[in-house]
Amino acid sequence: MGPHPAVAAIRLAVRRVLHDVLTDLTPRPDGRPPLVLVACSGGADSMALASALAFEAPKLGVRAGGVTVDHGLQPGSDLRAAEVVTRMTALRLDPVESVAVRVGREGGPEAAARDARYAALDSAAERLGAAAVLLGHTRDDQAETVLLGLARGSGIRSLSGMPEVSTGPGGPGGPARGARYRRPFLRIDRQTARKACMVQSLPVWDDPHNIDPAYTRSRLRHEGLPALEKALGKGVVEALARTAQLSRDDADALDAWAAEAEGSVRDEFGRLECAKLYALPPAVRRRVLRRAVVAAGSPAGSLFARHIEEVDRLITGWRGQGAINLPGRVEAQRQGGRLVIRQG
């Protein structure tokens with residue numbers, strides 16, 4: 001008799017991702033088998049992922065380890081992190097470690113915690129020489145991300161949600177294209193992950209932040225999405241996840257077009273020519289402008305659609321306005337038919 005359908009589903013998802021990691025891999029200088037880490041909070045999604053990784057990795061000649069991040073945001077968080085380390089060790093993951101971080105305030109509590117978490121995971125992956133880090137985001141998380149992007153009016157890239165593969169700095173023995181983060185569960189719903197934990201008798205921890213209405217994502221999860229399903233019927237989560245994939249395909253195509261078009265709108269000195277920018281389709285022009293602003297030193301994470309719209313008005317609504325101030329002390333201004341973008 002085979003495994004429970006929920007367990008079979010999560011193992012298949014992880015097996016496919018491990019095959020992809022091995023395909024993308026550059027050989028380790030020391031000849032050791034590649035290491036894949038799971039980022040584990042102790043919740044149902046990441047515990048299901050940890051168990052599947054522990055089961056599948058040895059069959060493919062991959063070492064499996066785990067990292068839990070202690071955000072220090074709740075009393076006893078260090079004890080909770082130690083318990084997660086014990087659970088991962090019981091799954092025979094090795095190496096396993098807990099990393100404590102200090103969460104700042106920039107961008108709000110959720111964004112600050114996310115930035116601290118990824119910085120810790122990057123550091124652990126570099127230190128341990130990991131080929132990849134697996135994240136337990138599910139189809140439900142993807143649907144929430146799409147809705148948040150829609151509410152912020154951030155454009156099609158925001159609607160594309162979380163990618164199945166996203167880049168990290170890379171390192172010795174890492175994947176050839178620096179594709180560090182992998183999300184095997186984006187096509188699996190949250191309930192399947194929870195069911196897999198239950199049938200395997202895996203203990204899970206439910207983070208109280210996930211039901212705290214002070215957090216936007218929590219309100220969306222427990223109030224927004226249920227209201228949408230009540231109004232529109234079941235299938236909203238699946239539809240939003242499909243929207244993410246379709247939006248990602250479109251955004252990737254437009255990004256490629258913008259990268260190709262950028263060289264054609266610069267003069268012999270590399271300066272952006274306003275007349276040539278004006279001739280581009282708006283979606284392509286805004287991407288060219290964003291690339292130029294980021295290249296000038298503006299942090300991509302702090303650059304929003306409203307910033308690019310202001311710069312775009314220097315092209316499409318020129319009435320002699322002054323310089324536009326952008327994040328990272330970058331300014332954009334129009335001078336003699338050229339768009340000058342530089343750090344002040």
# chains A, B, ... in the order shown; residues from 1 in each chain; ligands from 1
call {"tool": "select_by_dssp", "arguments": {"residues": "stretch 133-244 of chain A", "states": "strand (DSSP E or B)", "output": "PyMOL selection string"}}
result
chain A and resi 133-134+165-166+175+181-182
call {"tool": "closest_atom_pairs", "arguments": {"of": "stretch 6-47 of chain A", "to": "stretch 63-77 of chain A", "cutoff": "7 Å", "atoms": "only C-alpha atoms", "output": "JSON lines"}}
result
{"residue": "A:Pro33", "atom": "CA", "partner": "A:Arg63", "partner_atom": "CA", "distance": 6.4}
{"residue": "A:Pro34", "atom": "CA", "partner": "A:Arg63", "partner_atom": "CA", "distance": 6.0}
{"residue": "A:Leu35", "atom": "CA", "partner": "A:Arg63", "partner_atom": "CA", "distance": 4.6}
{"residue": "A:Val36", "atom": "CA", "partner": "A:Ala64", "partner_atom": "CA", "distance": 5.1}
{"residue": "A:Leu37", "atom": "CA", "partner": "A:Gly65", "partner_atom": "CA", "distance": 4.6}
{"residue": "A:Val38", "atom": "CA", "partner": "A:Gly66", "partner_atom": "CA", "distance": 4.6}
{"residue": "A:Ala39", "atom": "CA", "partner": "A:Val67", "partner_atom": "CA", "distance": 5.1}
{"residue": "A:Cys40", "atom": "CA", "partner": "A:Thr68", "partner_atom": "CA", "distance": 5.0}
{"residue": "A:Ser41", "atom": "CA", "partner": "A:Thr68", "partner_atom": "CA", "distance": 5.6}
call {"tool": "closest_residue", "arguments": {"among": "A:Arg338, A:Arg287, A:Arg182, A:Arg117", "to": "A:Ala256", "atoms": "only C-alpha atoms"}}
result
A:Arg287
call {"tool": "residues_around", "arguments": {"residues": "A:Thr243", "least_positions_apart": "5", "cutoff": "10 Å", "atoms": "only C-alpha atoms", "output": "list in words"}}
result
Gln142, Ala143, Val146, Ile156, Leu159, Ser160, Gly161, Val237, Glu238, Arg248 and Asp249 of chain A
call {"tool": "select_by_dssp", "arguments": {"residues": "stretch 208-282 of chain A", "states": "alpha helix (DSSP H)", "output": "PyMOL selection string"}}
result
chain A and resi 216-219+225-232+236-262+274-279+282
call {"tool": "closest_residue", "arguments": {"among": "A:Glu229, A:Glu110, A:Glu262, A:Asp250", "to": "A:Leu280", "atoms": "only C-alpha atoms"}}
result
A:Glu262
call {"tool": "closest_residue", "arguments": {"among": "A:Glu97, A:Asp189, A:Glu164, A:Glu144", "to": "A:Ala6", "atoms": "only C-alpha atoms"}}
result
A:Asp189
call {"tool": "closest_residue", "arguments": {"among": "A:Ser158, A:Ser298, A:Thr86, A:Thr316", "to": "A:Gln343", "atoms": "only C-alpha atoms"}}
result
A:Ser298
call {"tool": "closest_residue", "arguments": {"among": "A:Pro208, A:Gly301, A:Gly263, A:Pro184", "to": "A:Gly43", "atoms": "only C-alpha atoms"}}
result
A:Pro208
call {"tool": "closest_residue", "arguments": {"among": "A:Gly31, A:Ala283, A:Val14, A:Glu83", "to": "A:Ala54", "atoms": "only C-alpha atoms"}}
result
A:Val14
call {"tool": "residues_around", "arguments": {"residues": "A:Asp122", "least_positions_apart": "3", "cutoff": "9 Å", "atoms": "only C-alpha atoms", "output": "PyMOL selection string"}}
result
chain A and resi 117-119+125-127+133+168-169+180
call {"tool": "atom_distance", "arguments": {"atom1": "atom CA of A:Lys276", "atom2": "atom CA of A:Trp257"}}
result
14.8 Å
call {"tool": "residues_around", "arguments": {"residues": "A:Ser264", "least_positions_apart": "5", "cutoff": "12 Å", "atoms": "only C-alpha atoms", "output": "list in words"}}
result
Trp257, Ala258, Ala259, Gly270, Arg271, Leu272, Glu273, Cys274, Ala275, Lys276, Leu277, Ala279, Leu280, Arg285 and Val288 of chain A
call {"tool": "write_last_selection", "arguments": {"atoms": "N, CA, C and O atoms", "output": "mmCIF file, in the first residue's frame"}}
result
data_model
loop_
_atom_site.group_PDB
_atom_site.id
_atom_site.type_symbol
_atom_site.label_atom_id
_atom_site.label_comp_id
_atom_site.auth_asym_id
_atom_site.auth_seq_id
_atom_site.Cartn_x
_atom_site.Cartn_y
_atom_site.Cartn_z
ATOM 1 N N TRP A 257 11.533 42.559 -23.589
ATOM 2 C CA TRP A 257 11.375 43.599 -24.612
ATOM 3 C C TRP A 257 12.056 44.886 -24.150
ATOM 4 O O TRP A 257 12.769 45.538 -24.921
ATOM 5 N N ALA A 258 11.857 45.240 -22.874
ATOM 6 C CA ALA A 258 12.452 46.471 -22.349
ATOM 7 C C ALA A 258 13.975 46.401 -22.348
ATOM 8 O O ALA A 258 14.663 47.373 -22.673
ATOM 9 N N ALA A 259 14.516 45.228 -21.966
ATOM 10 C CA ALA A 259 15.972 45.066 -21.954
ATOM 11 C C ALA A 259 16.551 45.243 -23.353
ATOM 12 O O ALA A 259 17.619 45.847 -23.538
ATOM 13 N N GLY A 270 25.314 57.352 -24.262
ATOM 14 C CA GLY A 270 24.587 56.532 -23.322
ATOM 15 C C GLY A 270 23.449 57.231 -22.603
ATOM 16 O O GLY A 270 22.846 56.670 -21.692
ATOM 17 N N ARG A 271 23.116 58.460 -23.022
ATOM 18 C CA ARG A 271 22.043 59.203 -22.369
ATOM 19 C C ARG A 271 20.686 58.834 -22.977
ATOM 20 O O ARG A 271 20.582 58.610 -24.178
ATOM 21 N N LEU A 272 19.662 58.791 -22.137
ATOM 22 C CA LEU A 272 18.320 58.446 -22.596
ATOM 23 C C LEU A 272 17.708 59.603 -23.367
ATOM 24 O O LEU A 272 17.672 60.738 -22.878
ATOM 25 N N GLU A 273 17.217 59.319 -24.577
ATOM 26 C CA GLU A 273 16.603 60.341 -25.415
ATOM 27 C C GLU A 273 15.088 60.327 -25.227
ATOM 28 O O GLU A 273 14.425 59.304 -25.428
ATOM 29 N N CYS A 274 14.540 61.490 -24.838
ATOM 30 C CA CYS A 274 13.119 61.565 -24.494
ATOM 31 C C CYS A 274 12.215 61.248 -25.685
ATOM 32 O O CYS A 274 11.189 60.579 -25.516
ATOM 33 N N ALA A 275 12.563 61.706 -26.876
ATOM 34 C CA ALA A 275 11.712 61.463 -28.046
ATOM 35 C C ALA A 275 11.625 59.969 -28.356
ATOM 36 O O ALA A 275 10.546 59.451 -28.685
ATOM 37 N N LYS A 276 12.741 59.273 -28.231
ATOM 38 C CA LYS A 276 12.736 57.832 -28.501
ATOM 39 C C LYS A 276 12.001 57.068 -27.395
ATOM 40 O O LYS A 276 11.318 56.082 -27.658
ATOM 41 N N LEU A 277 12.128 57.528 -26.165
ATOM 42 C CA LEU A 277 11.371 56.924 -25.073
ATOM 43 C C LEU A 277 9.873 57.096 -25.293
ATOM 44 O O LEU A 277 9.084 56.177 -25.078
ATOM 45 N N ALA A 279 8.260 57.198 -27.960
ATOM 46 C CA ALA A 279 7.752 56.335 -29.033
ATOM 47 C C ALA A 279 7.524 54.901 -28.587
ATOM 48 O O ALA A 279 6.836 54.137 -29.276
ATOM 49 N N LEU A 280 8.070 54.508 -27.433
ATOM 50 C CA LEU A 280 7.891 53.141 -26.958
ATOM 51 C C LEU A 280 6.479 52.941 -26.396
ATOM 52 O O LEU A 280 5.865 53.877 -25.879
ATOM 53 N N ARG A 285 8.199 51.350 -21.976
ATOM 54 C CA ARG A 285 8.908 52.567 -21.552
ATOM 55 C C ARG A 285 9.076 52.603 -20.034
ATOM 56 O O ARG A 285 10.160 52.907 -19.523
ATOM 57 N N VAL A 288 11.857 50.363 -19.010
ATOM 58 C CA VAL A 288 13.161 50.941 -19.314
ATOM 59 C C VAL A 288 13.533 51.981 -18.260
ATOM 60 O O VAL A 288 14.675 52.024 -17.771
#
call {"tool": "residues_around", "arguments": {"residues": "A:Arg80", "least_positions_apart": "5", "cutoff": "9 Å", "atoms": "only C-alpha atoms", "output": "list in words"}}
result
Gly42, Asp70, Val85 and Trp205 of chain A
call {"tool": "write_last_selection", "arguments": {"atoms": "C-alpha atoms", "output": "PDB file, in the first residue's frame"}}
result
ATOM      1  CA  GLY A  42       7.687  24.530  12.455  1.00  0.00           C
ATOM      2  CA  ASP A  70      14.208  33.016  15.271  1.00  0.00           C
ATOM      3  CA  VAL A  85      15.715  22.147  15.410  1.00  0.00           C
ATOM      4  CA  TRP A 205       3.261  24.907  15.417  1.00  0.00           C
TER       5      TRP A 205
END
